[in-house]
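Engineer: What follows is structure_0.tsv; its format and atoms are TSV, C-alpha atoms.
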```tsv
chain	number	residue	atom	x	y	z
A	939	MET	CA	12.78	-74.93	-16.32
A	940	ALA	CA	14.73	-71.76	-17.10
A	941	LEU	CA	12.20	-70.94	-19.83
A	942	THR	CA	9.27	-71.07	-17.38
A	943	GLN	CA	11.12	-68.81	-14.95
A	944	ILE	CA	11.74	-66.29	-17.74
A	945	ASN	CA	8.05	-66.41	-18.70
A	946	HIS	CA	7.06	-65.92	-15.06
A	947	ILE	CA	9.43	-62.95	-14.67
A	948	THR	CA	8.17	-61.43	-17.93
A	949	THR	CA	4.59	-61.73	-16.71
A	950	LEU	CA	5.47	-60.05	-13.40
A	951	VAL	CA	7.30	-57.21	-15.18
A	952	ASN	CA	4.35	-56.68	-17.52
A	953	ARG	CA	1.92	-56.55	-14.57
A	954	ALA	CA	4.16	-54.15	-12.65
A	955	THR	CA	4.42	-51.93	-15.72
A	956	LEU	CA	0.64	-51.89	-16.08
A	957	VAL	CA	0.15	-51.04	-12.40
A	958	LEU	CA	2.71	-48.20	-12.61
A	959	PHE	CA	1.05	-46.87	-15.75
A	960	LEU	CA	-2.38	-46.87	-14.11
A	961	LEU	CA	-1.04	-45.25	-10.93
A	962	SER	CA	0.78	-42.51	-12.85
A	963	THR	CA	-2.36	-41.81	-14.91
A	964	PHE	CA	-4.38	-41.48	-11.71
A	965	VAL	CA	-1.78	-39.20	-10.09
A	966	PHE	CA	-1.56	-36.92	-13.13
A	967	GLN	CA	-5.35	-36.69	-13.35
A	968	SER	CA	-5.67	-35.76	-9.68
A	969	CYS	CA	-2.89	-33.15	-9.96
A	970	LYS	CA	-4.35	-31.59	-13.09
A	971	SER	CA	-4.86	-27.88	-12.52
A	972	ASP	CA	-8.12	-26.12	-13.13
A	973	LYS	CA	-8.69	-24.92	-16.62
A	974	LYS	CA	-8.17	-21.20	-17.01
A	975	LYS	CA	-11.33	-19.14	-17.15
A	976	VAL	CA	-11.61	-16.56	-19.90
A	977	TYR	CA	-14.06	-13.68	-19.68
A	978	GLN	CA	-14.56	-11.61	-22.82
A	979	SER	CA	-16.57	-8.68	-24.08
A	980	SER	CA	-17.59	-7.94	-27.63
A	981	CYS	CA	-16.51	-4.30	-27.34
A	982	ASP	CA	-13.25	-3.63	-29.15
A	983	GLY	CA	-13.64	-6.99	-30.91
A	984	GLY	CA	-11.88	-5.81	-34.07
A	985	MET	CA	-8.89	-4.31	-32.26
A	986	THR	CA	-5.39	-5.74	-32.24
A	987	PHE	CA	-3.86	-5.92	-28.76
A	988	LYS	CA	-0.12	-5.57	-28.30
A	989	ARG	CA	1.29	-7.96	-25.69
A	990	VAL	CA	3.64	-6.12	-23.38
A	991	GLY	CA	5.44	-7.02	-20.16
A	992	PHE	CA	4.27	-5.32	-16.99
A	993	THR	CA	7.61	-3.67	-16.17
A	994	GLN	CA	8.05	-2.45	-19.75
A	995	LEU	CA	4.53	-0.99	-19.70
A	996	ILE	CA	5.08	0.84	-16.40
A	997	ASP	CA	8.54	2.13	-17.37
A	998	SER	CA	7.40	3.52	-20.73
A	999	ILE	CA	3.67	4.02	-20.24
A	1000	ASP	CA	3.60	7.24	-22.28
A	1001	ASP	CA	4.57	5.20	-25.35
A	1002	TYR	CA	1.43	3.10	-24.91
A	1003	ASP	CA	-1.07	5.91	-24.28
A	1004	GLN	CA	-4.36	5.30	-26.13
A	1005	GLN	CA	-3.10	1.93	-27.39
A	1006	TYR	CA	-4.75	-1.44	-26.89
A	1007	ILE	CA	-2.51	-3.76	-24.89
A	1008	GLU	CA	-2.46	-7.18	-23.26
A	1009	VAL	CA	-0.55	-7.47	-19.99
A	1010	TYR	CA	-0.11	-10.04	-17.22
A	1011	GLY	CA	-0.09	-9.13	-13.54
A	1012	THR	CA	-1.77	-9.59	-10.18
A	1013	TYR	CA	-5.16	-7.98	-9.64
A	1014	GLU	CA	-5.77	-6.30	-6.29
A	1015	GLU	CA	-9.16	-5.04	-5.19
A	1016	GLY	CA	-10.44	-3.43	-2.07
A	1017	LYS	CA	-12.10	-0.31	-0.79
A	1018	GLU	CA	-11.41	2.30	-3.47
A	1019	GLU	CA	-8.88	-0.04	-5.10
A	1020	SER	CA	-8.97	-1.77	-8.48
A	1021	ALA	CA	-5.36	-2.24	-9.51
A	1022	LEU	CA	-3.05	-4.39	-11.56
A	1023	VAL	CA	0.37	-4.82	-9.96
A	1024	ASN	CA	3.51	-6.62	-11.04
A	1025	ASP	CA	3.31	-10.30	-10.14
A	1026	SER	CA	6.96	-10.35	-9.05
A	1027	LEU	CA	7.72	-10.40	-5.33
A	1028	PHE	CA	10.92	-8.45	-5.96
A	1029	VAL	CA	9.43	-5.15	-7.17
A	1030	SER	CA	7.35	-2.41	-5.63
A	1031	HIS	CA	3.59	-2.90	-5.59
A	1032	SER	CA	2.93	0.73	-4.69
A	1033	SER	CA	0.25	2.59	-6.62
A	1034	GLU	CA	2.98	4.59	-8.44
A	1035	ARG	CA	4.12	1.27	-10.00
A	1036	SER	CA	0.58	-0.02	-10.59
A	1037	LEU	CA	-2.27	0.52	-13.03
A	1038	TRP	CA	-5.83	1.41	-12.15
A	1039	VAL	CA	-8.24	-1.08	-13.76
A	1040	ASN	CA	-11.45	0.50	-14.95
A	1041	PHE	CA	-14.02	-2.22	-15.51
A	1042	SER	CA	-16.97	-0.70	-17.34
A	1043	GLN	CA	-20.61	-1.62	-17.89
A	1044	ASP	CA	-19.99	-0.60	-21.50
A	1045	CYS	CA	-17.81	-3.70	-21.87
A	1046	PRO	CA	-19.57	-6.49	-19.96
A	1047	LEU	CA	-17.33	-9.52	-19.51
A	1048	TYR	CA	-18.84	-12.99	-19.91
A	1049	LEU	CA	-17.32	-16.41	-19.34
A	1050	THR	CA	-16.52	-17.84	-22.76
A	1051	GLY	CA	-19.32	-20.07	-24.03
A	1052	THR	CA	-21.79	-18.92	-21.36
A	1053	HIS	CA	-23.72	-15.85	-20.35
A	1054	LYS	CA	-22.18	-15.77	-16.87
A	1055	GLY	CA	-20.81	-12.32	-16.13
A	1056	LEU	CA	-17.53	-11.70	-14.33
A	1057	PHE	CA	-19.23	-9.62	-11.63
A	1058	GLU	CA	-22.44	-11.62	-11.36
A	1059	TYR	CA	-23.43	-14.01	-8.60
A	1060	ASN	CA	-22.95	-17.49	-10.11
A	1061	ASP	CA	-23.03	-20.96	-8.60
A	1062	GLY	CA	-23.57	-19.55	-5.12
A	1063	LYS	CA	-20.63	-17.12	-5.15
A	1064	PHE	CA	-18.98	-14.19	-6.87
A	1065	THR	CA	-15.89	-14.67	-9.02
A	1066	GLN	CA	-12.86	-14.15	-6.79
A	1067	LEU	CA	-10.33	-11.80	-8.39
A	1068	ASN	CA	-8.40	-10.35	-5.47
A	1069	ASN	CA	-4.72	-11.35	-5.49
A	1070	LYS	CA	-5.21	-13.48	-8.60
A	1071	SER	CA	-2.76	-13.56	-11.48
A	1072	ILE	CA	-4.59	-12.44	-14.59
A	1073	THR	CA	-4.02	-11.58	-18.20
A	1074	ILE	CA	-6.00	-8.49	-19.14
A	1075	ARG	CA	-6.66	-6.58	-22.36
A	1076	GLY	CA	-7.67	-2.97	-22.53
A	1077	LYS	CA	-6.80	0.55	-23.62
A	1078	ILE	CA	-4.11	2.53	-21.79
A	1079	ASP	CA	-4.99	6.04	-20.63
A	1080	VAL	CA	-2.19	8.01	-18.97
A	1081	ARG	CA	-4.37	11.07	-18.24
A	1082	HIS	CA	-6.64	9.20	-15.84
A	1083	LYS	CA	-4.67	7.82	-12.92
A	1084	GLY	CA	-7.34	6.13	-10.80
A	1085	HIS	CA	-8.36	6.84	-7.23
A	1086	LEU	CA	-6.82	10.10	-5.97
A	1087	GLY	CA	-4.67	10.21	-9.12
A	1088	SER	CA	-2.11	7.98	-7.46
A	1089	TYR	CA	-1.65	5.31	-10.15
A	1090	LYS	CA	0.68	5.29	-13.15
A	1091	GLY	CA	-2.31	5.20	-15.53
A	1092	THR	CA	-5.53	3.36	-16.28
A	1093	ILE	CA	-6.42	0.25	-18.22
A	1094	ASP	CA	-9.75	1.27	-19.68
A	1095	ARG	CA	-12.25	-0.57	-21.89
A	1096	VAL	CA	-11.28	-3.96	-20.41
A	1097	SER	CA	-12.51	-6.55	-22.89
A	1098	PHE	CA	-10.63	-9.70	-21.83
A	1099	VAL	CA	-9.68	-11.26	-18.49
A	1100	GLU	CA	-8.06	-14.66	-18.12
A	1101	LEU	CA	-7.91	-16.09	-14.61
```
Can you turn what I pasted into structure tokens?

Structural biologist:
Amino acid sequence: MALTQINHITTLVNRATLVLFLLSTFVFQSCKSDKKKVYQSSCDGGMTFKRVGFTQLIDSIDDYDQQYIEVYGTYEEGKEESALVNDSLFVSHSSERSLWVNFSQDCPLYLTGTHKGLFEYNDGKFTQLNNKSITIRGKIDVRHKGHLGSYKGTIDRVSFVEL
């Protein structure tokens, strides 16, 4: 009799384990975040990009003038605004601590594996960039400081954006 009770308990434990496994698989699948979208251009394809932190770049921007860099930040757009700001909530997001982003038709950005452009109307909408955290690659230019010359510098020749 004790042996049948042990077998019954073992069967119940196995079933409960299976149910928990299936439930956890379902939960993890439903919580899975969207895959990051990467837009690239073939311009500057042979260049090596130096990864640099946003604060380091802003604090020593003259050291990066005319260099190709990769930096992470929050993109802000609006009327006469195309800027990359620090993604931290604890630092200034003023234009003096931001970079002007100069997207150019010379470097068209396409979603990897497709011919869908970053600024094209696709699937019934435009790609939303405003207030998005992005990784961006481009060339730093400290002489051009964006709209009204109020930015720390410009990221020019943008050839990579990861949303």

Engineer: For range 1047-1061 of chain A, take all atoms listed in the file, fit an axis-aligned box around them, add 3 Å to each of the six sides, then output centre and edge lengths in Å rounded to one decimal, as lines of an AutoDock Vina configuration file.

Structural biologist:
```
center_x = -20.1
center_y = -15.2
center_z = -16.3
size_x = 13.2
size_y = 17.4
size_z = 21.4
```

Engineer: How many Å separate CA of Thr1050 in chain A from CA of Thr1065 in chain A?

Structural biologist: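 CA of Thr1065 in chain A lies 14.1 Å from CA of Thr1050 in chain A.
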
Engineer: Neighbours of Leu1086 in chain A within 12 Å (all atoms listed in the file; same-chain residues fewer than 4 positions away dropped), as a PyMOL selection string?

Structural biologist: chain A and resi 1018-1019+1033-1034+1038+1082+1090-1091

Engineer: Find the residue from A:Leu1101, A:Val990, A:Ile999, A:Ile1007 that sits nearest to Leu1049 in chain A; use only C-alpha atoms when measuring.

Structural biologist: A:Leu1101

Engineer: Please report the interatomic distance between CA of Leu1047 in chain A and CA of Ser1088 in chain A in Å with one decimal.

Structural biologist: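 CA of Ser1088 in chain A lies at a distance of 26.1 Å from CA of Leu1047 in chain A.
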
Engineer: So that I can see what lies close to Leu1056 in chain A, please list as an MDAnalysis selection string the residues with an atom at most 12 Å from it, counting all atoms listed in the file and leaving out residues fewer than 2 positions away in the same chain.

Structural biologist: chainID A and resid 975:979 1041:1043 1045:1050 1052:1054 1058:1060 1063:1067 1096:1101

Engineer: Hey, can you check how far CA of Gly1076 in chain A sits from CA of Phe1057 in chain A?

Structural biologist: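 So the two atoms, CA of Gly1076 in chain A and CA of Phe1057 in chain A, lie 17.2 Å apart.
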
Engineer: Quick one: everything within 8 Å of Val1039 in chain A, counting only C-alpha atoms, minus sequence neighbours fewer than 3 positions away in the same chain. Send it as a ChimeraX atom specification.

Structural biologist: /A:1020-1022,1084,1092-1094,1096

Engineer: For the point (-5.6, 10.4, -23.2) in the file's frame, write as number ranges by chain all residues with an atom no more than 10 Å away, counting all atoms listed in the file.

Structural biologist: A: 1000, 1003-1005, 1077-1082, 1091-1092

Engineer: Would you export the selected residues with C-alpha atoms as a PDB file, in the coordinates of the input, please?

Structural biologist:
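File written: again36.pdb
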```pdb
ATOM      1  CA  ASP A1000       3.600   7.240 -22.280  1.00  0.00           C
ATOM      2  CA  ASP A1003      -1.070   5.910 -24.280  1.00  0.00           C
ATOM      3  CA  GLN A1004      -4.360   5.300 -26.130  1.00  0.00           C
ATOM      4  CA  GLN A1005      -3.100   1.930 -27.390  1.00  0.00           C
ATOM      5  CA  LYS A1077      -6.800   0.550 -23.620  1.00  0.00           C
ATOM      6  CA  ILE A1078      -4.110   2.530 -21.790  1.00  0.00           C
ATOM      7  CA  ASP A1079      -4.990   6.040 -20.630  1.00  0.00           C
ATOM      8  CA  VAL A1080      -2.190   8.010 -18.970  1.00  0.00           C
ATOM      9  CA  ARG A1081      -4.370  11.070 -18.240  1.00  0.00           C
ATOM     10  CA  HIS A1082      -6.640   9.200 -15.840  1.00  0.00           C
ATOM     11  CA  GLY A1091      -2.310   5.200 -15.530  1.00  0.00           C
ATOM     12  CA  THR A1092      -5.530   3.360 -16.280  1.00  0.00           C
TER      13      THR A1092
END
```

Engineer: Which residue out of A:Asn1040, A:Ser980, A:Ser998, A:Thr986 has the minimum interatomic distance to Tyr1013 in chain A when only C-alpha atoms are used?

Structural biologist: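 Counting only C-alpha atoms, the residue closest to Tyr1013 in chain A is A:Asn1040.
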
Engineer: Can you sort out range 1025-1043 of chain A so it carries N, CA, C and O atoms, written as a compact mmCIF listing (two decimals), in the frame of the given file?

Structural biologist:
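Wrote it out as part_36.txt, contents follow:
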```txt
# COMPACT_ATOMS: atom_id res chain seq x y z
N ASP A 1025 3.46 -9.04 -10.86
CA ASP A 1025 3.31 -10.30 -10.14
C ASP A 1025 4.60 -10.74 -9.46
O ASP A 1025 4.62 -11.70 -8.72
N SER A 1026 5.69 -10.01 -9.67
CA SER A 1026 6.96 -10.35 -9.05
C SER A 1026 6.97 -9.93 -7.58
O SER A 1026 6.45 -8.88 -7.22
N LEU A 1027 7.58 -10.73 -6.74
CA LEU A 1027 7.72 -10.40 -5.33
C LEU A 1027 8.88 -9.45 -5.09
O LEU A 1027 9.05 -8.91 -4.00
N PHE A 1028 9.70 -9.21 -6.12
CA PHE A 1028 10.92 -8.45 -5.96
C PHE A 1028 10.81 -6.99 -6.41
O PHE A 1028 11.82 -6.30 -6.49
N VAL A 1029 9.61 -6.54 -6.73
CA VAL A 1029 9.43 -5.15 -7.17
C VAL A 1029 8.35 -4.49 -6.33
O VAL A 1029 7.54 -5.15 -5.68
N SER A 1030 8.33 -3.19 -6.39
CA SER A 1030 7.35 -2.41 -5.63
C SER A 1030 5.94 -2.63 -6.16
O SER A 1030 5.72 -2.68 -7.37
N HIS A 1031 5.00 -2.78 -5.24
CA HIS A 1031 3.59 -2.90 -5.59
C HIS A 1031 2.83 -1.63 -5.23
O HIS A 1031 1.62 -1.63 -5.12
N SER A 1032 3.57 -0.54 -5.04
CA SER A 1032 2.93 0.73 -4.69
C SER A 1032 2.06 1.20 -5.86
O SER A 1032 2.23 0.77 -7.00
N SER A 1033 1.15 2.11 -5.57
CA SER A 1033 0.25 2.59 -6.62
C SER A 1033 1.01 3.32 -7.72
O SER A 1033 0.58 3.33 -8.87
N GLU A 1034 2.19 3.90 -7.41
CA GLU A 1034 2.98 4.59 -8.44
C GLU A 1034 3.56 3.60 -9.45
O GLU A 1034 3.96 4.00 -10.54
N ARG A 1035 3.61 2.32 -9.09
CA ARG A 1035 4.12 1.27 -10.00
C ARG A 1035 3.00 0.31 -10.38
O ARG A 1035 3.25 -0.83 -10.76
N SER A 1036 1.75 0.80 -10.29
CA SER A 1036 0.58 -0.02 -10.59
C SER A 1036 -0.35 0.70 -11.56
O SER A 1036 -0.23 1.90 -11.77
N LEU A 1037 -1.28 -0.05 -12.12
CA LEU A 1037 -2.27 0.52 -13.03
C LEU A 1037 -3.66 0.39 -12.44
O LEU A 1037 -4.01 -0.66 -11.90
N TRP A 1038 -4.42 1.45 -12.53
CA TRP A 1038 -5.83 1.41 -12.15
C TRP A 1038 -6.56 0.61 -13.22
O TRP A 1038 -6.32 0.79 -14.42
N VAL A 1039 -7.45 -0.29 -12.81
CA VAL A 1039 -8.24 -1.08 -13.76
C VAL A 1039 -9.67 -0.56 -13.72
O VAL A 1039 -10.31 -0.59 -12.67
N ASN A 1040 -10.13 -0.08 -14.86
CA ASN A 1040 -11.45 0.50 -14.95
C ASN A 1040 -12.39 -0.46 -15.68
O ASN A 1040 -12.51 -0.40 -16.91
N PHE A 1041 -13.00 -1.36 -14.93
CA PHE A 1041 -14.02 -2.22 -15.51
C PHE A 1041 -15.25 -1.35 -15.79
O PHE A 1041 -15.60 -0.51 -14.98
N SER A 1042 -15.87 -1.56 -16.93
CA SER A 1042 -16.97 -0.70 -17.34
C SER A 1042 -18.19 -1.52 -17.73
O SER A 1042 -18.07 -2.59 -18.33
N GLN A 1043 -19.37 -0.97 -17.45
CA GLN A 1043 -20.61 -1.62 -17.89
C GLN A 1043 -20.74 -1.56 -19.40
O GLN A 1043 -21.52 -2.31 -19.99
```
